[in-house]
file data-v2.pdb (PDB, C-alpha atoms)
ATOM      1  CA  MET K   2       0.119  -5.585  16.212
ATOM      2  CA  TYR K   3       1.449  -6.592  12.816
ATOM      3  CA  GLY K   4       4.390  -4.355  12.147
ATOM      4  CA  ASP K   5       6.446  -2.831  14.900
ATOM      5  CA  SER K   6       7.371   0.839  14.905
ATOM      6  CA  ALA K   7      10.794   0.111  13.399
ATOM      7  CA  THR K   8       9.184  -1.688  10.427
ATOM      8  CA  VAL K   9       6.648   1.117   9.980
ATOM      9  CA  ARG K  10       9.460   3.686   9.954
ATOM     10  CA  LYS K  11      11.556   1.608   7.542
ATOM     11  CA  ILE K  12       8.715   1.217   5.051
ATOM     12  CA  LEU K  13       7.788   4.895   5.214
ATOM     13  CA  THR K  14      11.314   6.327   5.076
ATOM     14  CA  GLU K  15      13.820   3.843   3.649
ATOM     15  CA  LEU K  16      12.310   1.428   1.148
ATOM     16  CA  GLY K  17      11.450   3.854  -1.637
ATOM     17  CA  ASP K  18       8.807   6.292  -2.702
ATOM     18  CA  THR K  19       6.764   4.414  -5.330
ATOM     19  CA  TRP K  20       3.603   3.057  -3.754
ATOM     20  CA  ALA K  21       1.051   0.990  -5.660
ATOM     21  CA  VAL K  22      -2.307   1.522  -3.960
ATOM     22  CA  VAL K  23      -4.544  -1.465  -4.655
ATOM     23  CA  GLY K  24      -8.187  -0.433  -4.608
ATOM     24  CA  LEU K  25      -7.545   3.244  -5.425
ATOM     25  CA  SER K  26     -10.161   4.740  -7.728
ATOM     26  CA  THR K  27     -11.640   8.185  -8.391
ATOM     27  CA  ASN K  28     -14.272   7.596  -5.685
ATOM     28  CA  GLU K  29     -13.500  10.425  -3.270
ATOM     29  CA  ARG K  30     -15.598   8.821  -0.515
ATOM     30  CA  ARG K  31     -13.298   5.789  -0.267
ATOM     31  CA  ALA K  32     -10.473   5.785   2.290
ATOM     32  CA  ALA K  33      -7.910   4.919  -0.396
ATOM     33  CA  TYR K  34      -8.537   8.259  -2.109
ATOM     34  CA  GLY K  35      -7.688  10.329   0.972
ATOM     35  CA  VAL K  36      -4.787   8.147   2.086
ATOM     36  CA  ALA K  37      -3.224   8.360  -1.376
ATOM     37  CA  LYS K  38      -3.451  12.146  -1.212
ATOM     38  CA  VAL K  39      -1.643  12.149   2.150
ATOM     39  CA  LEU K  40       1.075   9.870   0.789
ATOM     40  CA  GLN K  41       1.570  12.258  -2.143
ATOM     41  CA  ARG K  42       1.825  15.192   0.242
ATOM     42  CA  TYR K  43       4.711  13.343   1.922
ATOM     43  CA  GLY K  44       6.532  12.842  -1.373
ATOM     44  CA  LYS K  45       5.348   9.372  -2.353
ATOM     45  CA  ARG K  46       4.483   8.509  -5.944
ATOM     46  CA  VAL K  47       1.061   6.879  -5.753
ATOM     47  CA  VAL K  48       0.164   4.388  -8.492
ATOM     48  CA  PRO K  49      -3.547   3.489  -8.629
ATOM     49  CA  VAL K  50      -4.324  -0.217  -9.051
ATOM     50  CA  HIS K  51      -7.980  -0.921  -9.731
ATOM     51  CA  PRO K  52      -9.880  -2.938 -12.353
ATOM     52  CA  LYS K  53     -11.021   0.339 -13.954
ATOM     53  CA  ALA K  54      -7.387   1.533 -14.285
ATOM     54  CA  GLU K  55      -8.446   5.126 -13.676
ATOM     55  CA  THR K  56      -6.088   8.087 -13.419
ATOM     56  CA  VAL K  57      -6.188   9.321  -9.819
ATOM     57  CA  HIS K  58      -4.362  12.303  -8.292
ATOM     58  CA  GLY K  59      -2.596  12.812 -11.631
ATOM     59  CA  GLU K  60      -1.164   9.270 -11.789
ATOM     60  CA  LYS K  61      -2.084   6.755 -14.477
ATOM     61  CA  GLY K  62      -3.888   3.722 -13.116
ATOM     62  CA  TYR K  63      -3.307   0.049 -13.872
ATOM     63  CA  ALA K  64      -5.710  -2.881 -13.721
ATOM     64  CA  SER K  65      -3.265  -5.090 -11.815
ATOM     65  CA  LEU K  66       0.131  -4.980 -10.156
ATOM     66  CA  SER K  67       1.640  -7.008 -12.990
ATOM     67  CA  ASP K  68       0.545  -4.334 -15.491
ATOM     68  CA  ILE K  69       2.758  -1.671 -13.900
ATOM     69  CA  PRO K  70       5.765  -1.194 -16.235
ATOM     70  CA  PHE K  71       8.181   0.113 -13.592
ATOM     71  CA  ASP K  72       9.427  -0.911 -10.172
ATOM     72  CA  VAL K  73       7.123  -0.584  -7.174
ATOM     73  CA  ASP K  74       8.588  -0.222  -3.689
ATOM     74  CA  VAL K  75       5.510  -0.692  -1.508
ATOM     75  CA  VAL K  76       2.095  -2.217  -2.201
ATOM     76  CA  ASP K  77      -0.636  -0.596  -0.079
ATOM     77  CA  VAL K  78      -3.729  -2.824   0.041
ATOM     78  CA  PHE K  79      -7.284  -1.467   0.319
ATOM     79  CA  VAL K  80      -9.235  -4.618  -0.460
ATOM     80  CA  ASN K  81     -11.308  -6.992   1.636
ATOM     81  CA  SER K  82      -9.261  -9.287   3.874
ATOM     82  CA  ASP K  83     -10.450 -12.294   1.841
ATOM     83  CA  LEU K  84      -8.792 -10.817  -1.273
ATOM     84  CA  ALA K  85      -5.687  -9.389   0.374
ATOM     85  CA  GLY K  86      -3.605 -12.572   0.538
ATOM     86  CA  PRO K  87      -3.359 -13.013  -3.232
ATOM     87  CA  VAL K  88      -2.423  -9.321  -3.567
ATOM     88  CA  ALA K  89       0.469  -9.860  -1.148
ATOM     89  CA  GLY K  90       1.604 -12.769  -3.312
ATOM     90  CA  GLU K  91       1.472 -10.555  -6.411
ATOM     91  CA  ALA K  92       3.505  -7.913  -4.575
ATOM     92  CA  ALA K  93       6.247 -10.456  -3.955
ATOM     93  CA  ALA K  94       6.042 -11.624  -7.580
ATOM     94  CA  ILE K  95       6.628  -8.107  -8.957
ATOM     95  CA  GLY K  96       9.598  -7.512  -6.658
ATOM     96  CA  ALA K  97       8.054  -5.052  -4.219
ATOM     97  CA  LYS K  98      10.031  -4.469  -1.034
ATOM     98  CA  ALA K  99       7.065  -4.205   1.315
ATOM     99  CA  VAL K 100       3.345  -4.764   1.685
ATOM    100  CA  TRP K 101       1.021  -2.635   3.782
ATOM    101  CA  PHE K 102      -2.478  -3.913   4.659
ATOM    102  CA  GLN K 103      -4.758  -1.060   5.672
ATOM    103  CA  LEU K 104      -6.825  -0.760   8.842
ATOM    104  CA  GLY K 105      -9.188  -3.702   9.080
ATOM    105  CA  VAL K 106      -7.352  -5.735   6.434
ATOM    106  CA  ILE K 107      -6.043  -8.811   8.233
ATOM    107  CA  ASP K 108      -4.741 -12.094   6.847
ATOM    108  CA  GLU K 109      -2.306 -13.721   9.250
ATOM    109  CA  ALA K 110      -1.296 -16.454   6.771
ATOM    110  CA  ALA K 111      -0.497 -13.810   4.134
ATOM    111  CA  TYR K 112       1.507 -11.881   6.730
ATOM    112  CA  GLU K 113       3.618 -14.946   7.502
ATOM    113  CA  ARG K 114       4.090 -15.861   3.807
ATOM    114  CA  THR K 115       5.050 -12.309   2.870
ATOM    115  CA  ARG K 116       7.583 -11.990   5.688
ATOM    116  CA  ALA K 117       8.993 -15.449   4.840
ATOM    117  CA  ALA K 118       9.447 -14.244   1.242
ATOM    118  CA  GLY K 119      11.710 -11.480   2.563
ATOM    119  CA  LEU K 120       9.335  -8.525   2.297
ATOM    120  CA  ASP K 121       8.641  -6.119   5.123
ATOM    121  CA  MET K 122       4.974  -6.005   6.053
ATOM    122  CA  VAL K 123       2.579  -4.024   8.172
ATOM    123  CA  MET K 124      -1.024  -5.064   8.669
ATOM    124  CA  ASP K 125      -4.104  -3.368  10.134
ATOM    125  CA  ARG K 126      -2.507   0.081  10.204
ATOM    126  CA  CYS K 127      -2.735   3.195   8.048
ATOM    127  CA  PRO K 128       0.280   5.006   6.573
ATOM    128  CA  ALA K 129      -1.643   8.299   6.548
ATOM    129  CA  ILE K 130      -1.884   8.017  10.340
ATOM    130  CA  GLU K 131       1.672   6.779  10.830
ATOM    131  CA  ILE K 132       3.674   9.062   8.504
ATOM    132  CA  PRO K 133       2.908  12.358  10.337
ATOM    133  CA  LYS K 134       4.117  10.748  13.586
ATOM    134  CA  LEU K 135       7.616  10.383  12.137
ATOM    135  CA  GLY K 136       8.270  14.090  12.526
TER
END

call {"tool": "encode", "arguments": {"input": "data-v2.pdb", "output": "structure tokens"}}
result
Amino acid sequence: MYGDSATVRKILTELGDTWAVVGLSTNERRAAYGVAKVLQRYGKRVVPVHPKAETVHGEKGYASLSDIPFDVDVVDVFVNSDLAGPVAGEAAAIGAKAVWFQLGVIDEAAYERTRAAGLDMVMDRCPAIEIPKLG
């Protein structure tokens, strides 16, 4: 398990409420769409990051993390595991406090690099599943 319950709780409750969701588009059939909606319901500001830079759930989208003109607290990653490592590096570069790799997104080297850079990280878990458990 990549991210103990204390880290999960910290990311969801203490690190801030601005979440960049990498891979979020207007495609309602994609997991990112539903997870972003849950995060909003729990008070998170969800910032879509997708090459199309679409507005999703009322939030303006950006083509990349570096295009976002304000601070991001958490980067939630909905891309293939092969692409996730570079996204974690970008998260560190923009000053994010944490990275969250979704269910099925696993890159152990990226996990180690991200933690070594001082960011909190959870991998292969879903915040939409974890946040209701906090009570």

call {"tool": "resolve_selection", "arguments": {"input": "data-v2.pdb", "expression": "the PyMOL selection byres ((chain K and resi 78-80) around 8)", "output": "tab-separated table (two decimals) with C-alpha atoms, in the frame of the given file"}}
result
chain	number	residue	atom	x	y	z
K	22	VAL	CA	-2.31	1.52	-3.96
K	23	VAL	CA	-4.54	-1.46	-4.66
K	24	GLY	CA	-8.19	-0.43	-4.61
K	25	LEU	CA	-7.54	3.24	-5.42
K	33	ALA	CA	-7.91	4.92	-0.40
K	76	VAL	CA	2.10	-2.22	-2.20
K	77	ASP	CA	-0.64	-0.60	-0.08
K	81	ASN	CA	-11.31	-6.99	1.64
K	82	SER	CA	-9.26	-9.29	3.87
K	84	LEU	CA	-8.79	-10.82	-1.27
K	85	ALA	CA	-5.69	-9.39	0.37
K	88	VAL	CA	-2.42	-9.32	-3.57
K	100	VAL	CA	3.34	-4.76	1.68
K	101	TRP	CA	1.02	-2.64	3.78
K	102	PHE	CA	-2.48	-3.91	4.66
K	103	GLN	CA	-4.76	-1.06	5.67
K	106	VAL	CA	-7.35	-5.74	6.43

call {"tool": "closest_residue", "arguments": {"input": "data-v2.pdb", "among": "K:Ala99, K:Val48, K:Ile107, K:Val36", "to": "K:Thr14", "atoms": "all atoms listed in the file"}}
result
K:Ala99

call {"tool": "closest_residue", "arguments": {"input": "data-v2.pdb", "among": "K:Val39, K:Ala64, K:Ala7, K:Ala32", "to": "K:Ile132", "atoms": "only C-alpha atoms"}}
result
K:Val39

call {"tool": "residues_around", "arguments": {"input": "data-v2.pdb", "residues": "K:Glu113", "least_positions_apart": "4", "cutoff": "12 Å", "atoms": "only C-alpha atoms", "output": "list of chain:residue names"}}
result
K:Tyr3, K:Gly4, K:Gly86, K:Ala89, K:Gly90, K:Val100, K:Ile107, K:Asp108, K:Glu109, K:Ala117, K:Ala118, K:Gly119, K:Leu120, K:Asp121, K:Met122, K:Val123, K:Met124

call {"tool": "residues_around", "arguments": {"input": "data-v2.pdb", "residues": "K:Tyr43", "least_positions_apart": "4", "cutoff": "10 Å", "atoms": "only C-alpha atoms", "output": "PyMOL selection string"}}
result
chain K and resi 13+18+37-39+129+132-133

call {"tool": "residues_near_point", "arguments": {"input": "data-v2.pdb", "point": "(7.6, 5.7, -0.4)", "cutoff": "7 Å", "atoms": "only C-alpha atoms", "output": "VMD selection string"}}
result
chain K and resid 13 to 14 16 to 20 45 to 46 74 to 75

call {"tool": "atom_distance", "arguments": {"input": "data-v2.pdb", "atom1": "atom CA of K:Gly59", "atom2": "atom CA of K:Ser26"}}
result
11.7 Å

call {"tool": "resolve_selection", "arguments": {"input": "data-v2.pdb", "expression": "the PyMOL selection byres ((chain K and resi 71) around 12)", "output": "PyMOL selection string"}}
result
chain K and resi 19-21+46+48+63+66-70+72-74+95-97

call {"tool": "atom_distance", "arguments": {"input": "data-v2.pdb", "atom1": "atom CA of K:Ala110", "atom2": "atom CA of K:Glu131"}}
result
23.8 Å

call {"tool": "atom_distance", "arguments": {"input": "data-v2.pdb", "atom1": "atom CA of K:Ser6", "atom2": "atom CA of K:Ala111"}}
result
19.8 Å

call {"tool": "axis_aligned_box", "arguments": {"input": "data-v2.pdb", "around": "stretch 15-25 of chain K", "padding_each_side": "8 Å", "output": "AutoDock Vina command-line options"}}
result
--center_x 2.8 --center_y 2.4 --center_z -1.0 --size_x 38.0 --size_y 23.8 --size_z 25.3
